[in-house]
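Structure file final_6.cif (mmCIF, C-alpha atoms and all ligand atoms) follows.
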```cif
data_my_file
#
loop_
_atom_site.label_atom_id
_atom_site.label_comp_id
_atom_site.auth_asym_id
_atom_site.auth_seq_id
_atom_site.Cartn_x
_atom_site.Cartn_y
_atom_site.Cartn_z
CA MET U 1159 118.33 101.65 123.00
CA SER U 1160 119.54 105.02 121.73
CA LEU U 1161 117.02 107.48 120.34
CA GLU U 1162 118.57 107.25 116.85
CA ASN U 1163 117.86 103.50 116.67
CA ALA U 1164 114.45 103.54 118.35
CA VAL U 1165 111.29 102.72 116.41
CA LEU U 1166 109.04 105.74 116.90
CA ASP U 1167 105.54 104.35 117.18
CA PHE U 1168 102.91 107.02 116.62
CA ARG U 1169 100.12 104.58 115.69
CA SER U 1170 98.05 105.07 118.84
CA ASP U 1171 98.19 105.88 122.53
CA THR U 1172 96.85 102.33 123.04
CA PHE U 1173 100.21 100.78 122.07
CA THR U 1174 101.88 101.68 125.37
CA GLN U 1175 103.65 99.15 127.61
CA PRO U 1176 103.06 99.22 131.37
CA SER U 1177 106.16 100.83 132.90
CA PRO U 1178 108.31 99.06 135.54
CA GLY U 1179 106.69 101.24 138.24
CA MET U 1180 103.22 100.30 137.02
CA ARG U 1181 104.13 96.60 136.96
CA GLU U 1182 105.40 96.89 140.51
CA ALA U 1183 102.10 98.47 141.55
CA MET U 1184 100.28 95.52 139.90
CA ALA U 1185 102.41 93.00 141.77
CA ARG U 1186 101.77 94.73 145.10
CA ALA U 1187 98.00 95.17 144.59
CA GLU U 1188 95.68 93.78 147.24
CA VAL U 1189 92.90 91.88 145.48
CA GLY U 1190 89.54 90.20 146.10
CA ASP U 1191 86.49 89.15 144.11
CA ASP U 1192 85.26 92.36 142.50
CA VAL U 1193 81.90 90.88 141.43
CA PHE U 1194 81.26 90.71 145.21
CA ARG U 1195 82.73 94.25 145.56
CA GLU U 1196 85.53 92.73 147.64
CA ASP U 1197 88.51 93.96 145.67
CA PRO U 1198 90.00 96.79 147.74
CA THR U 1199 92.10 98.12 144.87
CA VAL U 1200 89.16 98.31 142.46
CA ASN U 1201 87.07 99.95 145.19
CA LYS U 1202 89.82 102.49 145.78
CA LEU U 1203 90.12 103.28 142.07
CA GLU U 1204 86.34 103.69 141.72
CA GLU U 1205 86.30 106.07 144.69
CA GLN U 1206 89.27 108.06 143.42
CA ILE U 1207 87.85 108.44 139.94
CA ALA U 1208 84.45 109.51 141.29
CA ALA U 1209 86.19 112.12 143.48
CA LEU U 1210 88.42 113.33 140.65
CA PHE U 1211 85.37 113.87 138.43
CA GLY U 1212 83.26 115.30 141.26
CA ARG U 1213 80.52 112.69 140.83
CA GLU U 1214 78.93 110.21 143.23
CA ALA U 1215 80.25 106.97 141.78
CA SER U 1216 82.23 105.20 139.10
CA MET U 1217 82.71 101.63 137.89
CA PHE U 1218 85.73 99.87 136.40
CA VAL U 1219 85.14 98.09 133.07
CA PRO U 1220 87.49 96.27 130.68
CA SER U 1221 87.12 98.66 127.74
CA GLY U 1222 85.90 102.00 126.45
CA THR U 1223 83.54 100.17 124.11
CA MET U 1224 81.83 98.48 127.06
CA ALA U 1225 81.75 101.76 129.01
CA ASN U 1226 79.94 103.53 126.17
CA LEU U 1227 77.56 100.64 125.60
CA ILE U 1228 76.63 100.73 129.28
CA GLY U 1229 76.27 104.52 129.04
CA ILE U 1230 73.72 104.08 126.25
CA ALA U 1231 71.97 101.22 128.09
CA LEU U 1232 71.53 103.40 131.18
CA HIS U 1233 69.49 105.98 129.29
CA CYS U 1234 67.75 104.22 126.41
CA ARG U 1235 65.03 101.67 125.83
CA ARG U 1236 64.85 99.54 122.69
CA GLY U 1237 63.78 101.68 119.73
CA ASP U 1238 65.01 104.93 121.27
CA GLU U 1239 67.12 107.26 119.19
CA VAL U 1240 70.69 108.31 120.01
CA ILE U 1241 72.04 111.45 118.33
CA MET U 1242 75.73 112.03 117.67
CA GLU U 1243 78.24 113.27 115.11
CA ARG U 1244 79.11 110.83 112.32
CA ARG U 1245 82.74 110.40 113.44
CA THR U 1246 81.77 109.57 117.03
CA HIS U 1247 83.44 106.35 118.15
CA SER U 1248 80.16 104.86 119.44
CA PHE U 1249 78.78 105.03 115.90
CA SER U 1250 81.88 104.46 113.80
CA HIS U 1251 84.05 101.99 115.74
CA GLU U 1252 82.02 100.08 118.31
CA VAL U 1253 80.73 97.39 115.98
CA GLY U 1254 77.19 98.79 116.02
CA GLY U 1255 76.80 97.44 119.56
CA GLY U 1256 74.12 99.98 120.46
CA ALA U 1257 71.99 98.76 117.56
CA ALA U 1258 72.85 95.06 117.81
CA LEU U 1259 72.64 94.61 121.57
CA LEU U 1260 70.44 97.44 122.83
CA GLY U 1261 68.16 97.97 119.81
CA VAL U 1262 68.71 101.73 119.65
CA LEU U 1263 68.58 103.82 116.51
CA PHE U 1264 71.60 106.00 115.68
CA ASN U 1265 70.91 109.38 114.13
CA VAL U 1266 74.24 110.73 112.96
CA LEU U 1267 74.82 114.36 112.06
CA ASP U 1268 77.65 115.87 110.01
CA SER U 1269 79.87 118.76 110.96
CA PRO U 1270 83.04 120.24 109.45
CA ASP U 1271 85.16 119.74 112.58
CA GLY U 1272 83.58 116.82 114.45
CA ILE U 1273 81.62 119.07 116.81
CA ILE U 1274 77.89 119.28 116.21
CA THR U 1275 75.93 122.24 117.55
CA PRO U 1276 72.94 122.18 119.88
CA GLU U 1277 70.98 123.84 117.05
CA GLN U 1278 71.70 120.89 114.75
CA VAL U 1279 70.43 118.54 117.42
CA ARG U 1280 67.39 120.69 118.13
CA HIS U 1281 66.41 120.37 114.46
CA VAL U 1282 66.32 116.57 114.52
CA ILE U 1283 64.69 115.95 117.91
CA ARG U 1284 61.46 114.14 117.16
CA PRO U 1285 58.05 115.40 118.13
CA THR U 1286 56.04 113.26 120.52
CA ASP U 1287 54.16 111.26 117.94
CA VAL U 1288 53.06 107.65 117.87
CA HIS U 1289 54.87 107.15 114.54
CA GLU U 1290 58.29 108.31 115.70
CA PRO U 1291 61.07 106.87 117.82
CA VAL U 1292 61.85 108.74 121.03
CA SER U 1293 64.91 110.99 120.75
CA ARG U 1294 66.45 110.03 124.07
CA LEU U 1295 70.18 110.58 124.20
CA VAL U 1296 72.96 112.78 122.83
CA VAL U 1297 76.50 111.37 122.85
CA LEU U 1298 79.47 113.74 122.69
CA GLU U 1299 83.06 112.55 122.32
CA ASN U 1300 85.91 114.43 123.99
CA THR U 1301 88.53 114.68 122.63
CA ILE U 1302 87.26 113.79 119.17
CA ASN U 1303 89.57 111.10 117.88
CA LEU U 1304 88.65 111.07 114.18
CA ALA U 1305 88.61 114.87 114.04
CA GLY U 1306 92.26 114.98 115.16
CA GLY U 1307 91.96 115.03 118.94
CA ARG U 1308 89.73 118.11 118.96
CA VAL U 1309 88.71 119.49 122.33
CA VAL U 1310 85.07 120.17 123.14
CA SER U 1311 84.98 123.04 125.63
CA VAL U 1312 83.01 122.99 128.88
CA GLU U 1313 80.89 125.83 127.47
CA GLN U 1314 79.97 123.70 124.44
CA VAL U 1315 79.08 120.75 126.67
CA ARG U 1316 77.02 123.07 128.89
CA ALA U 1317 74.96 124.17 125.89
CA PHE U 1318 74.13 120.51 125.14
CA HIS U 1319 73.33 119.98 128.80
CA ALA U 1320 70.82 122.83 128.70
CA LEU U 1321 69.21 121.50 125.53
CA THR U 1322 68.92 117.93 126.77
CA ARG U 1323 67.41 119.15 130.05
CA GLU U 1324 64.93 121.33 128.20
CA ARG U 1325 63.84 118.43 125.95
CA GLU U 1326 63.89 115.79 128.69
CA MET U 1327 66.75 113.96 127.02
CA ARG U 1328 70.00 112.63 128.45
CA LEU U 1329 73.65 113.43 127.72
CA HIS U 1330 76.51 110.90 127.72
CA MET U 1331 80.12 111.80 127.04
CA ASP U 1332 82.63 109.38 125.56
CA GLY U 1333 85.55 110.84 127.45
CA ALA U 1334 88.08 108.22 126.37
CA ARG U 1335 90.60 111.10 126.17
CA ILE U 1336 88.88 113.54 128.53
CA TRP U 1337 92.26 113.75 130.29
CA ASN U 1338 93.73 115.40 127.22
CA ALA U 1339 90.71 117.70 126.84
CA SER U 1340 91.09 118.84 130.43
CA VAL U 1341 94.83 119.45 130.13
CA ALA U 1342 94.47 121.34 126.83
CA SER U 1343 91.48 123.48 127.87
CA GLY U 1344 92.53 124.03 131.48
CA SER U 1345 89.01 123.02 132.55
CA PRO U 1346 89.01 120.57 135.48
CA LEU U 1347 87.66 117.07 134.89
CA ALA U 1348 84.88 117.78 137.40
CA GLU U 1349 83.67 120.75 135.36
CA TYR U 1350 83.18 118.52 132.35
CA ALA U 1351 81.61 115.76 134.43
CA GLY U 1352 79.19 118.22 136.03
CA GLU U 1353 77.60 118.94 132.63
CA VAL U 1354 76.67 115.38 131.62
CA ASP U 1355 74.46 112.61 132.97
CA THR U 1356 77.16 109.98 132.53
CA LEU U 1357 80.60 109.78 131.02
CA SER U 1358 83.25 107.19 130.25
CA CYS U 1359 86.99 107.63 130.37
CA CYS U 1360 89.82 105.30 129.34
CA LEU U 1361 92.83 104.41 131.43
CA SER U 1362 94.26 102.43 128.53
CA LYS U 1363 94.84 105.42 126.22
CA GLY U 1364 97.07 108.39 127.20
CA MET U 1365 97.29 107.18 130.78
CA GLY U 1366 99.51 104.24 129.83
CA CYS U 1367 97.49 101.41 131.44
CA PRO U 1368 97.24 98.03 129.70
CA VAL U 1369 93.49 97.65 130.34
CA GLY U 1370 90.57 99.56 131.73
CA SER U 1371 87.93 102.23 131.40
CA MET U 1372 85.47 103.79 133.80
CA VAL U 1373 81.77 104.64 133.73
CA ILE U 1374 81.05 107.70 135.87
CA GLY U 1375 77.73 109.11 137.09
CA ASP U 1376 75.47 109.27 140.10
CA ASP U 1377 74.91 106.40 142.54
CA ALA U 1378 71.72 105.21 140.88
CA HIS U 1379 73.37 105.07 137.43
CA ILE U 1380 76.37 103.14 138.66
CA GLU U 1381 74.29 100.67 140.67
CA ARG U 1382 72.38 99.84 137.50
CA ALA U 1383 75.58 99.89 135.44
CA ARG U 1384 76.86 96.98 137.55
CA TRP U 1385 73.98 94.84 136.26
CA TYR U 1386 74.72 95.72 132.66
CA ARG U 1387 78.45 95.05 133.11
CA LYS U 1388 77.67 91.58 134.47
CA MET U 1389 75.20 90.93 131.65
CA LEU U 1390 77.85 91.84 129.07
CA GLY U 1391 80.37 89.48 130.65
CA GLY U 1392 82.47 92.31 132.05
CA GLY U 1393 82.31 91.26 135.70
CA MET U 1394 85.92 90.59 136.62
CA ARG U 1395 87.21 88.85 139.71
CA GLN U 1396 90.65 89.81 141.12
CA ALA U 1397 90.70 92.89 138.93
CA GLY U 1398 92.76 94.85 141.44
CA VAL U 1399 95.91 93.96 139.51
CA LEU U 1400 94.46 96.04 136.66
CA ALA U 1401 92.92 98.76 138.82
CA ALA U 1402 96.34 99.26 140.43
CA CYS U 1403 97.54 100.51 137.04
CA GLY U 1404 94.81 103.16 137.05
CA LEU U 1405 95.76 104.36 140.52
CA TYR U 1406 99.40 104.47 139.48
CA ALA U 1407 98.51 106.37 136.28
CA ILE U 1408 96.50 109.04 138.10
CA GLU U 1409 99.50 109.76 140.29
CA HIS U 1410 102.35 109.42 137.80
CA ASN U 1411 101.06 109.70 134.23
CA LEU U 1412 98.27 112.26 134.34
CA PRO U 1413 100.68 115.06 135.30
CA ARG U 1414 102.85 114.41 132.21
CA LEU U 1415 100.13 114.46 129.54
CA ARG U 1416 101.03 117.98 128.46
CA ASP U 1417 104.37 116.61 127.16
CA ASP U 1418 102.41 114.54 124.63
CA HIS U 1419 100.64 117.67 123.39
CA THR U 1420 103.97 119.48 123.08
CA GLN U 1421 105.45 116.61 121.03
CA ALA U 1422 102.38 116.54 118.75
CA ALA U 1423 102.79 120.29 118.11
CA GLU U 1424 106.50 119.76 117.35
CA LEU U 1425 105.65 117.01 114.89
CA ALA U 1426 103.08 119.21 113.15
CA HIS U 1427 105.53 122.07 112.89
CA GLY U 1428 108.26 119.87 111.41
CA LEU U 1429 106.00 117.93 109.05
CA ARG U 1430 104.59 121.15 107.64
CA ARG U 1431 108.13 122.17 106.72
CA ILE U 1432 109.02 118.82 105.17
CA LEU U 1433 105.93 117.43 103.43
CA ASP U 1434 105.05 118.55 99.92
CA ASP U 1435 101.76 120.07 98.84
CA ARG U 1436 100.07 116.71 98.41
CA HIS U 1437 99.82 116.77 102.21
CA ARG U 1438 97.95 119.05 104.61
CA VAL U 1439 98.97 118.91 108.25
CA GLN U 1440 96.11 119.70 110.63
CA GLU U 1441 96.99 121.75 113.71
CA PRO U 1442 96.82 119.40 116.72
CA GLU U 1443 94.93 120.52 119.82
CA THR U 1444 96.05 117.58 121.96
CA ASN U 1445 98.06 114.38 121.31
CA ILE U 1446 96.52 113.46 117.94
CA LEU U 1447 97.83 114.79 114.67
CA MET U 1448 96.12 114.26 111.33
CA VAL U 1449 97.87 114.50 107.98
CA HIS U 1450 95.45 114.72 105.07
CA THR U 1451 96.69 113.61 101.65
CA ASP U 1452 95.46 114.08 98.09
CA SER U 1453 95.11 110.34 97.33
CA GLN U 1454 95.45 106.79 98.54
CA ALA U 1455 98.64 106.47 96.50
CA THR U 1456 100.19 109.40 98.37
CA THR U 1457 99.13 107.93 101.72
CA GLU U 1458 100.72 104.59 100.87
CA GLU U 1459 103.90 106.16 99.49
CA THR U 1460 104.30 108.40 102.55
CA LEU U 1461 103.70 105.59 105.05
CA THR U 1462 106.16 103.33 103.21
CA VAL U 1463 108.91 105.94 103.49
CA TRP U 1464 108.10 106.59 107.15
CA TYR U 1465 108.13 102.87 108.03
CA ARG U 1466 111.52 102.49 106.35
CA LEU U 1467 112.75 105.29 108.63
CA GLY U 1468 111.31 103.61 111.73
CA ILE U 1469 108.38 106.02 112.02
CA MET U 1470 105.03 104.29 112.45
CA ALA U 1471 101.64 105.91 111.87
CA LEU U 1472 98.16 104.66 111.00
CA PRO U 1473 96.15 105.30 107.84
CA LEU U 1474 92.65 106.11 109.11
CA SER U 1475 91.19 106.42 105.63
CA ASP U 1476 92.55 106.47 102.05
CA THR U 1477 93.56 110.11 102.52
CA MET U 1478 94.15 110.50 106.24
CA ILE U 1479 97.19 109.50 108.30
CA ARG U 1480 97.02 109.68 112.08
CA LEU U 1481 99.99 110.19 114.42
CA VAL U 1482 99.44 109.97 118.17
CA THR U 1483 101.96 110.96 120.83
CA HIS U 1484 101.99 109.09 124.13
CA ILE U 1485 104.03 108.05 127.13
CA ASP U 1486 106.14 105.56 125.15
CA VAL U 1487 107.29 108.17 122.63
CA PRO U 1488 110.62 109.01 124.26
CA PRO U 1489 111.47 112.61 125.13
CA GLY U 1490 112.87 114.10 121.92
CA GLY U 1491 110.99 111.50 119.84
CA ALA U 1492 109.13 114.04 117.74
CA ALA U 1493 112.33 115.96 117.05
CA GLU U 1494 114.07 112.69 116.14
CA ALA U 1495 111.30 111.81 113.66
CA ILE U 1496 111.67 115.18 112.00
CA ARG U 1497 115.47 114.81 111.94
CA ARG U 1498 115.14 111.45 110.12
CA LEU U 1499 112.68 112.88 107.60
CA GLU U 1500 114.88 115.89 106.93
CA LYS U 1501 117.94 113.67 106.46
CA ASN U 1502 115.94 111.47 104.09
CA ARG U 1503 114.82 114.52 102.11
CA SER U 1504 118.34 115.88 101.68
CA SER U 1505 119.68 112.46 100.69
CA ARG U 1506 117.01 112.28 97.96
CA ARG U 1507 117.93 115.76 96.67
CA GLY U 1508 115.37 116.86 94.14
CA GLY U 1509 113.11 113.93 94.96
CA LYS U 1510 109.72 114.23 96.51
CA ASN U 1511 109.62 115.90 99.88
CA MET U 1512 108.44 113.19 102.15
C1 LIG L 1601 87.16 108.03 121.40
C2 LIG L 1601 87.19 106.59 121.75
N1 LIG L 1601 86.17 106.06 122.45
C3 LIG L 1601 86.13 104.77 122.79
C4 LIG L 1601 87.15 103.92 122.43
C5 LIG L 1601 87.03 102.46 122.78
O1 LIG L 1601 87.97 102.03 123.67
P1 LIG L 1601 88.37 100.47 123.75
O2 LIG L 1601 89.32 100.25 122.64
O3 LIG L 1601 88.97 100.36 125.12
O4 LIG L 1601 87.13 99.67 123.62
C6 LIG L 1601 88.24 104.41 121.70
C7 LIG L 1601 89.33 103.50 121.30
O5 LIG L 1601 90.22 103.82 120.56
C8 LIG L 1601 88.25 105.78 121.35
O6 LIG L 1601 89.25 106.31 120.63
#
```
Show how you would write the structure in this file as structure tokens.
Amino acid sequence: MSLENAVLDFRSDTFTQPSPGMREAMARAEVGDDVFREDPTVNKLEEQIAALFGREASMFVPSGTMANLIGIALHCRRGDEVIMERRTHSFSHEVGGGAALLGVLFNVLDSPDGIITPEQVRHVIRPTDVHEPVSRLVVLENTINLAGGRVVSVEQVRAFHALTREREMRLHMDGARIWNASVASGSPLAEYAGEVDTLSCCLSKGMGCPVGSMVIGDDAHIERARWYRKMLGGGMRQAGVLAACGLYAIEHNLPRLRDDHTQAAELAHGLRRILDDRHRVQEPETNILMVHTDSQATTEETLTVWYRLGIMALPLSDTMIRLVTHIDVPPGGAAEAIRRLEKNRSSRRGGKNM
């Protein structure tokens, strides 16, 4: 299909289709029963991810939600407190699993940009007192989805590492899009992974895989994580057909992630020129672009026009529209979206600039 007729789907980097090359890798994958650790392709992926992140071990799981739940389970007992920013996915979009299934208490802190400071955390850490829950874990997300794909720097993570060490707490990172953080900051994945007790990453987001996330940590963590995965019903059998996608993505898709960041920046630049003052376009740091609006009516009106033009985006709240660039946005897709919007504006002459 030509670019002019293509639907440009910026709803999420989870909407990607496995490419022909990835499907071929799936078809060729050697498989075995992974619950018995006999799937050579899963074993290979787990080894490669551990090496890439400079940690002892990793484990393949079906989803980022399960990876984070296991991350919390590894560090917390029932009644323990987990501290994170309000927009963190583990609090806002994982169905309260930590509370429902693990019995932990979430203590959520606010920040203007999605990134809490160690000082904020220090203020809420509980004293050792028979009346109080134990403040056990800090969860950081990187990049921060609901803050517009913001990058947390290695230095920021290091400061949390120091604090959690000092207070005998633990640090877990939801690194669903750690790939994007690493590309944008220039800090290797292993530098990030060296500053946390455990982290998760998703193969099913910018990496273009249909399924799969990883839990990463030291040998003892991952051994125990295998028990939790089984308990949660995440023990898969011939999962090598899925792990093959991860291996393919590390080789072929990781090196192209910067293109997604470039297209997000192009979109931001164009939208700022086109949208009227009921909209504020946030500067993207990675592949996520937020457009803030003055009202729900504006959000609905804008999305309706975009959909008519074959441009899809997601409303994340009444006044926030999210656009995400990814491997299935064709080269030139951002420029094409802007071209359509500009054409629409000139054909409406004098109408509203959306
Ligand atoms: C930051 C972040 N963490 C975790 C997840 C959960 O991943 P999954 O949808 O695979 O459960 C998502 C999903 O969008 C996410 O954006």
Residues within 9 Å of region 1168-1171 of chain U, please, as a PDB file with C-alpha atoms, in the coordinates of the input. Count all atoms listed in the file; anything in the same chain fewer than 5 positions from it doesn't count.
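So the final result, stored in part-v1.pdb, reads:
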```
ATOM      1  CA  SER U1362      94.260 102.430 128.530  1.00  0.00           C
ATOM      2  CA  LYS U1363      94.840 105.420 126.220  1.00  0.00           C
ATOM      3  CA  GLY U1364      97.070 108.390 127.200  1.00  0.00           C
ATOM      4  CA  MET U1365      97.290 107.180 130.780  1.00  0.00           C
ATOM      5  CA  GLY U1366      99.510 104.240 129.830  1.00  0.00           C
ATOM      6  CA  ASN U1445      98.060 114.380 121.310  1.00  0.00           C
ATOM      7  CA  ILE U1446      96.520 113.460 117.940  1.00  0.00           C
ATOM      8  CA  ILE U1469     108.380 106.020 112.020  1.00  0.00           C
ATOM      9  CA  MET U1470     105.030 104.290 112.450  1.00  0.00           C
ATOM     10  CA  ALA U1471     101.640 105.910 111.870  1.00  0.00           C
ATOM     11  CA  LEU U1472      98.160 104.660 111.000  1.00  0.00           C
ATOM     12  CA  PRO U1473      96.150 105.300 107.840  1.00  0.00           C
ATOM     13  CA  ARG U1480      97.020 109.680 112.080  1.00  0.00           C
ATOM     14  CA  LEU U1481      99.990 110.190 114.420  1.00  0.00           C
ATOM     15  CA  VAL U1482      99.440 109.970 118.170  1.00  0.00           C
ATOM     16  CA  THR U1483     101.960 110.960 120.830  1.00  0.00           C
ATOM     17  CA  HIS U1484     101.990 109.090 124.130  1.00  0.00           C
ATOM     18  CA  ILE U1485     104.030 108.050 127.130  1.00  0.00           C
ATOM     19  CA  ASP U1486     106.140 105.560 125.150  1.00  0.00           C
ATOM     20  CA  VAL U1487     107.290 108.170 122.630  1.00  0.00           C
TER      21      VAL U1487
END
```
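The two atoms in question, CA of Cys1360 (chain U) and atom O5 of ligand LIG 1601 (chain L), are spaced 8.9 Å apart.
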Dump the neighbourhood of ligand LIG 1601 (chain L) as a ChimeraX atom specification: all residues within 6 Å, distances computed on only C-alpha atoms and all ligand atoms. /U:1221-1223,1247,1303,1332,1334
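Nearest to Leu1447 (chain U) of all the residues U:Pro1488, U:Pro1413, U:Gly1344, U:Gly1306 is U:Gly1306, based on only C-alpha atoms.
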Tell me which of U:Gly1237, U:Met1372, U:Thr1246, U:Trp1337 sits closest to Arg1387 (chain U), counting only C-alpha atoms.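 Closest to Arg1387 (chain U), using only C-alpha atoms: U:Met1372.
Remark: for Ala1492 (chain U), the closest of the candidate residues U:Val1165, U:Val1279, U:Leu1433, U:Leu1260 is U:Val1165 (distances computed over all atoms listed in the file).
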Neighbouring residues of Glu1277 (chain U) were defined as those with any atom within 12 Å, considering all atoms listed in the file; residues of the same chain fewer than 2 positions away were excluded. Please report them as a PyMOL selection string. chain U and resi 1267+1269+1273-1275+1279-1283+1314+1317-1318+1320-1322
Residues at most 12 Å from region 1230-1236 of chain U, counting all atoms listed in the file, excluding those fewer than 3 positions away in the same chain, as a ChimeraX atom specification? /U:1223-1227,1239-1242,1248-1249,1255-1264,1291-1298,1326-1332,1355-1358,1373-1376,1378-1387,1389-1390
Between CA of Leu1400 (chain U) and CA of Thr1301 (chain U), what is the spacing in Å?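 Atom-to-atom, CA of Thr1301 (chain U) and CA of Leu1400 (chain U) are spaced 24.1 Å apart.
Closest approach to Met1217 (chain U) among U:Leu1166, U:Glu1353, U:Gly1393, U:Ala1187 is made by U:Gly1393 (distances from only C-alpha atoms).
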Taking into account only C-alpha atoms, which residue in the set U:Ala1495, U:Leu1412, U:Val1341, U:Leu1210 is nearest to Glu1443 (chain U)? U:Val1341
Which residues are close to Val1312 (chain U), i.e. within 8 Å by only C-alpha atoms, leaving aside same-chain residues fewer than 6 positions away? Reply as a compact mmCIF listing (two decimals) with C-alpha atoms, keeping the file's coordinate frame.
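And here is the file that came out, out.txt:
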```txt
# COMPACT_ATOMS: atom_id res chain seq x y z
CA SER U 1345 89.01 123.02 132.55
CA GLU U 1349 83.67 120.75 135.36
CA TYR U 1350 83.18 118.52 132.35
CA GLU U 1353 77.60 118.94 132.63
```
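Separating CA of Arg1416 (chain U) from CA of Gln1206 (chain U) is a distance of 21.5 Å.
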Kindly provide, as a PyMOL selection string, the polymer residues lying within 10 Å of (106.8, 116.9, 113.1), counting all atoms listed in the file and using the coordinates exactly as they appear in the file. chain U and resi 1421-1433+1439+1447+1481+1491-1497+1499
Taking all atoms listed in the file into account, which of U:Ala1339, U:Val1315, U:Val1189, U:Leu1361 comes nearest Thr1174 (chain U)?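 Checking each candidate against Thr1174 (chain U), we get U:Leu1361 as the closest.
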Around all the atoms of region 1397-1409 of chain U listed in the file, draw an axis-aligned box and extend it by 5 Å on each of the six sides; I want its centre and edge lengths in Å to one decimal, as AutoDock Vina command-line options.
```
--center_x 95.1 --center_y 101.3 --center_z 138.9 --size_x 18.8 --size_y 26.9 --size_z 15.2
```
Select region 1330-1343 of chain U in the preceding structure and write N, CA, C and O atoms to a file as a PDB file, in the first residue's frame.
```pdb
ATOM      1  N   HIS U1330      13.351  -1.926  42.234  1.00  0.00           N
ATOM      2  CA  HIS U1330      12.945  -2.644  41.012  1.00  0.00           C
ATOM      3  C   HIS U1330      12.663  -1.614  39.931  1.00  0.00           C
ATOM      4  O   HIS U1330      12.043  -0.579  40.208  1.00  0.00           O
ATOM      5  N   MET U1331      13.094  -1.895  38.718  1.00  0.00           N
ATOM      6  CA  MET U1331      12.783  -0.995  37.615  1.00  0.00           C
ATOM      7  C   MET U1331      11.834  -1.668  36.632  1.00  0.00           C
ATOM      8  O   MET U1331      12.101  -2.784  36.173  1.00  0.00           O
ATOM      9  N   ASP U1332      10.723  -0.974  36.348  1.00  0.00           N
ATOM     10  CA  ASP U1332       9.869  -1.392  35.232  1.00  0.00           C
ATOM     11  C   ASP U1332      10.507  -0.801  33.986  1.00  0.00           C
ATOM     12  O   ASP U1332      10.284   0.363  33.641  1.00  0.00           O
ATOM     13  N   GLY U1333      11.304  -1.619  33.332  1.00  0.00           N
ATOM     14  CA  GLY U1333      12.011  -1.158  32.135  1.00  0.00           C
ATOM     15  C   GLY U1333      11.317  -1.633  30.875  1.00  0.00           C
ATOM     16  O   GLY U1333      11.984  -2.051  29.923  1.00  0.00           O
ATOM     17  N   ALA U1334       9.985  -1.553  30.866  1.00  0.00           N
ATOM     18  CA  ALA U1334       9.242  -1.968  29.663  1.00  0.00           C
ATOM     19  C   ALA U1334       9.883  -1.356  28.411  1.00  0.00           C
ATOM     20  O   ALA U1334      10.063  -2.024  27.393  1.00  0.00           O
ATOM     21  N   ARG U1335      10.245  -0.060  28.522  1.00  0.00           N
ATOM     22  CA  ARG U1335      10.877   0.631  27.380  1.00  0.00           C
ATOM     23  C   ARG U1335      12.292   1.086  27.736  1.00  0.00           C
ATOM     24  O   ARG U1335      12.724   2.167  27.327  1.00  0.00           O
ATOM     25  N   ILE U1336      13.006   0.246  28.487  1.00  0.00           N
ATOM     26  CA  ILE U1336      14.392   0.582  28.839  1.00  0.00           C
ATOM     27  C   ILE U1336      15.245   0.694  27.579  1.00  0.00           C
ATOM     28  O   ILE U1336      16.233   1.428  27.527  1.00  0.00           O
ATOM     29  N   TRP U1337      14.844  -0.029  26.531  1.00  0.00           N
ATOM     30  CA  TRP U1337      15.552   0.059  25.240  1.00  0.00           C
ATOM     31  C   TRP U1337      15.585   1.501  24.768  1.00  0.00           C
ATOM     32  O   TRP U1337      16.632   1.996  24.341  1.00  0.00           O
ATOM     33  N   ASN U1338      14.423   2.149  24.841  1.00  0.00           N
ATOM     34  CA  ASN U1338      14.331   3.533  24.373  1.00  0.00           C
ATOM     35  C   ASN U1338      15.130   4.468  25.279  1.00  0.00           C
ATOM     36  O   ASN U1338      15.761   5.411  24.814  1.00  0.00           O
ATOM     37  N   ALA U1339      15.090   4.177  26.590  1.00  0.00           N
ATOM     38  CA  ALA U1339      15.858   5.017  27.537  1.00  0.00           C
ATOM     39  C   ALA U1339      17.340   4.921  27.227  1.00  0.00           C
ATOM     40  O   ALA U1339      18.061   5.928  27.232  1.00  0.00           O
ATOM     41  N   SER U1340      17.796   3.714  26.932  1.00  0.00           N
ATOM     42  CA  SER U1340      19.216   3.501  26.668  1.00  0.00           C
ATOM     43  C   SER U1340      19.635   4.195  25.365  1.00  0.00           C
ATOM     44  O   SER U1340      20.671   4.872  25.318  1.00  0.00           O
ATOM     45  N   VAL U1341      18.810   4.061  24.343  1.00  0.00           N
ATOM     46  CA  VAL U1341      19.132   4.706  23.062  1.00  0.00           C
ATOM     47  C   VAL U1341      19.154   6.233  23.224  1.00  0.00           C
ATOM     48  O   VAL U1341      20.072   6.907  22.757  1.00  0.00           O
ATOM     49  N   ALA U1342      18.149   6.774  23.924  1.00  0.00           N
ATOM     50  CA  ALA U1342      18.052   8.235  24.040  1.00  0.00           C
ATOM     51  C   ALA U1342      19.158   8.809  24.923  1.00  0.00           C
ATOM     52  O   ALA U1342      19.684   9.876  24.648  1.00  0.00           O
ATOM     53  N   SER U1343      19.508   8.098  25.987  1.00  0.00           N
ATOM     54  CA  SER U1343      20.494   8.649  26.941  1.00  0.00           C
ATOM     55  C   SER U1343      21.919   8.293  26.555  1.00  0.00           C
ATOM     56  O   SER U1343      22.871   8.903  27.033  1.00  0.00           O
TER      57      SER U1343
END
```
